[in-house]
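Chemist: Submitted below is the structure of interest, expressed as structure tokens.
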Amino acid sequence: MSHSNRSSQTRERTRPERTDSANERTAEQSEEAVCPECAGDVIVDERRGERVCEDCGVVVAEDQVDHGPEWRSFTSQEKRQRSRVGAPVTETLHDRGLSSVIGKGYTDAKGQPLSSETREKMSRLRTWDERFRTRNASQRNLKQAFGEIDRMASALGLPKNVRETASVIYRRAVEEELLPGRSIEAMATAALYAAARQAGTPRTLDEFEPVSRVERQEFARGYRYLARELGLAVEPADPASYLPRFASDLDLPDDAQRRAHELLESGKARGVHSGKSPAGVAAAAIYAGSVLVDEKVTQRRVAEVANVSEVTIRNRYQELLAADRATGSA
């Protein structure tokens, strides 16, 4: 007898057994849902942990296990806060937050202080736990880089989604073996710079320079290398993306920010921004918009906030006004 025939006969013999067991489970579930006395519907009394007939009141089953939480929550926020599951998976940790961590406290479950012998034992366990979490050079590399990304993102005020994206970019670079011979700090800075631009919350290289541990030239070279090797889809920064942050730092009213945005749109239509620093164009638009709505702000103040020179603001300022007049006359 061939192998295919034996296999088909085996499937034919085992199929009825699975069907019979499935039918038995279905019959058991239907019996639990029907009262054995009056064939009425059975409901669950969660407070008492019983299954009771809705018609005659007979208790079909008691001492049911309550699989729900022992606490009460009245809003979705309270429910999330009281959830017993761990933290969500995140790319900002080298192990994605999946490994366990021994706490830093020195008290037992009752809050009593541990003995000196137990404290030493727990200290050794924490040391070995930390070593096991970073078992190889790749894990240690990721841990150091993600620490740098988190530090720089905090200093620059970048949101969580930018940190996640930067961690993904850096992890891809490690997996594709793009880091040998290059500085961890430089590549971490380059990954964060690329992530900020992709997320529409760009920061200039001048802003990255004070918070990075490497020279500007080094992490700028690292950014170009990552963008080329990983094929990052990074579009040129839009000057309009800098407007809200600059206006907030200068505490400008909404009408000044609105006028600055109009000037930017006119300048972009005329190609004023092409080949120029987006932060400088945005700073000039902020200054021009403030002047047009009689809001007193100096070029020096705008230059300090935007981290550009006053000469840049004066040059771009004249170009934006000329483009706005040309657009209005057209």
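Within each chain, counting starts at residue 1; across the structure tokens, chains are named A, B, ... in the order shown, with ligands numbered 1 upward in that order.
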Report as an NGL selection string all protein, DNA and RNA residues lying within 9 Å of range 118-130 of chain A, evaluated on only C-alpha atoms, omitting residues in the same chain fewer than 4 positions from it.
Modeler: :A and (100-104 or 106-107 or 114 or 134-135)
Chemist: Limited to N, CA and C atoms, could you put the picked residues into a file as an mmCIF file, in the first residue's frame?
Modeler:
data_model
loop_
_atom_site.group_PDB
_atom_site.id
_atom_site.type_symbol
_atom_site.label_atom_id
_atom_site.label_comp_id
_atom_site.auth_asym_id
_atom_site.auth_seq_id
_atom_site.Cartn_x
_atom_site.Cartn_y
_atom_site.Cartn_z
ATOM 1 N N SER A 100 12.642 40.478 32.314
ATOM 2 C CA SER A 100 12.282 40.873 33.669
ATOM 3 C C SER A 100 13.411 41.690 34.294
ATOM 4 N N VAL A 101 13.043 42.507 35.262
ATOM 5 C CA VAL A 101 14.013 43.367 35.935
ATOM 6 C C VAL A 101 13.826 43.208 37.439
ATOM 7 N N ILE A 102 14.912 43.002 38.153
ATOM 8 C CA ILE A 102 14.869 42.911 39.610
ATOM 9 C C ILE A 102 14.833 44.317 40.183
ATOM 10 N N GLY A 103 13.853 44.582 41.018
ATOM 11 C CA GLY A 103 13.691 45.919 41.585
ATOM 12 C C GLY A 103 14.857 46.331 42.461
ATOM 13 N N LYS A 104 14.916 47.630 42.771
ATOM 14 C CA LYS A 104 16.036 48.172 43.536
ATOM 15 C C LYS A 104 15.743 48.286 45.023
ATOM 16 N N TYR A 106 14.990 47.202 48.992
ATOM 17 C CA TYR A 106 15.582 46.254 49.940
ATOM 18 C C TYR A 106 14.586 45.930 51.048
ATOM 19 N N THR A 107 13.322 45.724 50.645
ATOM 20 C CA THR A 107 12.294 45.313 51.591
ATOM 21 C C THR A 107 11.575 44.093 51.037
ATOM 22 N N LEU A 114 15.264 43.944 54.608
ATOM 23 C CA LEU A 114 15.963 42.672 54.449
ATOM 24 C C LEU A 114 17.196 42.629 55.341
ATOM 25 N N THR A 134 22.285 41.851 28.820
ATOM 26 C CA THR A 134 23.173 42.300 27.739
ATOM 27 C C THR A 134 24.249 41.240 27.558
ATOM 28 N N ARG A 135 23.855 40.135 26.930
ATOM 29 C CA ARG A 135 24.729 38.966 26.855
ATOM 30 C C ARG A 135 25.853 39.127 25.834
#
Chemist: For range 256-273 of chain A, find every residue with an atom within 6 Å (counting only C-alpha atoms), except residues of its own chain fewer than 4 positions away, and show them as a VMD selection string.
Modeler: chain A and resid 285 to 286 289 to 290 320 323 to 324
Chemist: I need the residues of range 27-174 of chain A that end up classed as strand (DSSP E or B) by DSSP on the backbone, written out as a CSV table (one decimal) with C-alpha atoms, in the first residue's frame.
Modeler:
chain,number,residue,atom,x,y,z
A,34,VAL,CA,-30.1,25.2,30.0
A,41,ASP,CA,-32.2,30.0,30.5
A,42,VAL,CA,-29.2,30.0,32.9
A,43,ILE,CA,-27.6,33.2,33.9
A,44,VAL,CA,-24.4,34.0,35.8
A,45,ASP,CA,-24.6,35.8,39.1
A,50,GLU,CA,-23.2,31.1,40.8
A,51,ARG,CA,-25.1,30.0,37.7
A,52,VAL,CA,-28.8,30.4,38.4
A,53,CYS,CA,-31.9,29.5,36.3
A,59,VAL,CA,-28.7,27.0,41.4
A,60,VAL,CA,-27.1,25.0,38.6
A,61,ALA,CA,-23.5,25.6,39.7
A,107,THR,CA,12.3,45.3,51.6
A,113,PRO,CA,13.8,45.5,55.7
Chemist: By how many Å are CA of Asp294 in chain A and CA of Leu252 in chain A apart?
Modeler: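 Value for the CA of Asp294 in chain A-CA of Leu252 in chain A distance: 11.3 Å.
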Chemist: Can you pull out every residue from range 45-245 of chain A that DSSP, working from the backbone, puts in helix (DSSP H, G or I), and format the result as number ranges by chain?
Modeler: A: 76-81, 116-133, 137-156, 160-175, 184-198, 205-211, 216-230, 239-245
Chemist: Just want the 10 Å neighbourhood of Val174 in chain A, counted on only C-alpha atoms, with same-chain residues fewer than 4 positions away dropped. Output as a compact mmCIF listing (two decimals) with C-alpha atoms, in the first residue's frame.
Modeler:
# COMPACT_ATOMS: atom_id res chain seq x y z
CA SER A 138 25.28 43.79 20.00
CA GLN A 139 23.00 44.08 23.04
CA ASN A 141 25.80 48.46 21.71
CA LEU A 142 22.02 48.91 21.54
CA VAL A 168 14.19 51.43 14.84
CA ILE A 169 16.63 53.16 12.46
CA TYR A 170 19.60 52.40 14.73
CA LEU A 178 26.67 49.24 9.18
CA LEU A 179 28.29 50.31 12.45
CA PRO A 180 31.74 48.64 12.59
Chemist: Find the residues near range 197-206 of chain A: any atom within 10 Å, counting only C-alpha atoms, skip ones fewer than 5 places away on the same chain, and give them as a VMD selection string.
Modeler: chain A and resid 156 to 159 161 to 162 165 to 166 190 192 211 216 to 217 219 to 220 232 to 242 245 277 to 279 306 to 308
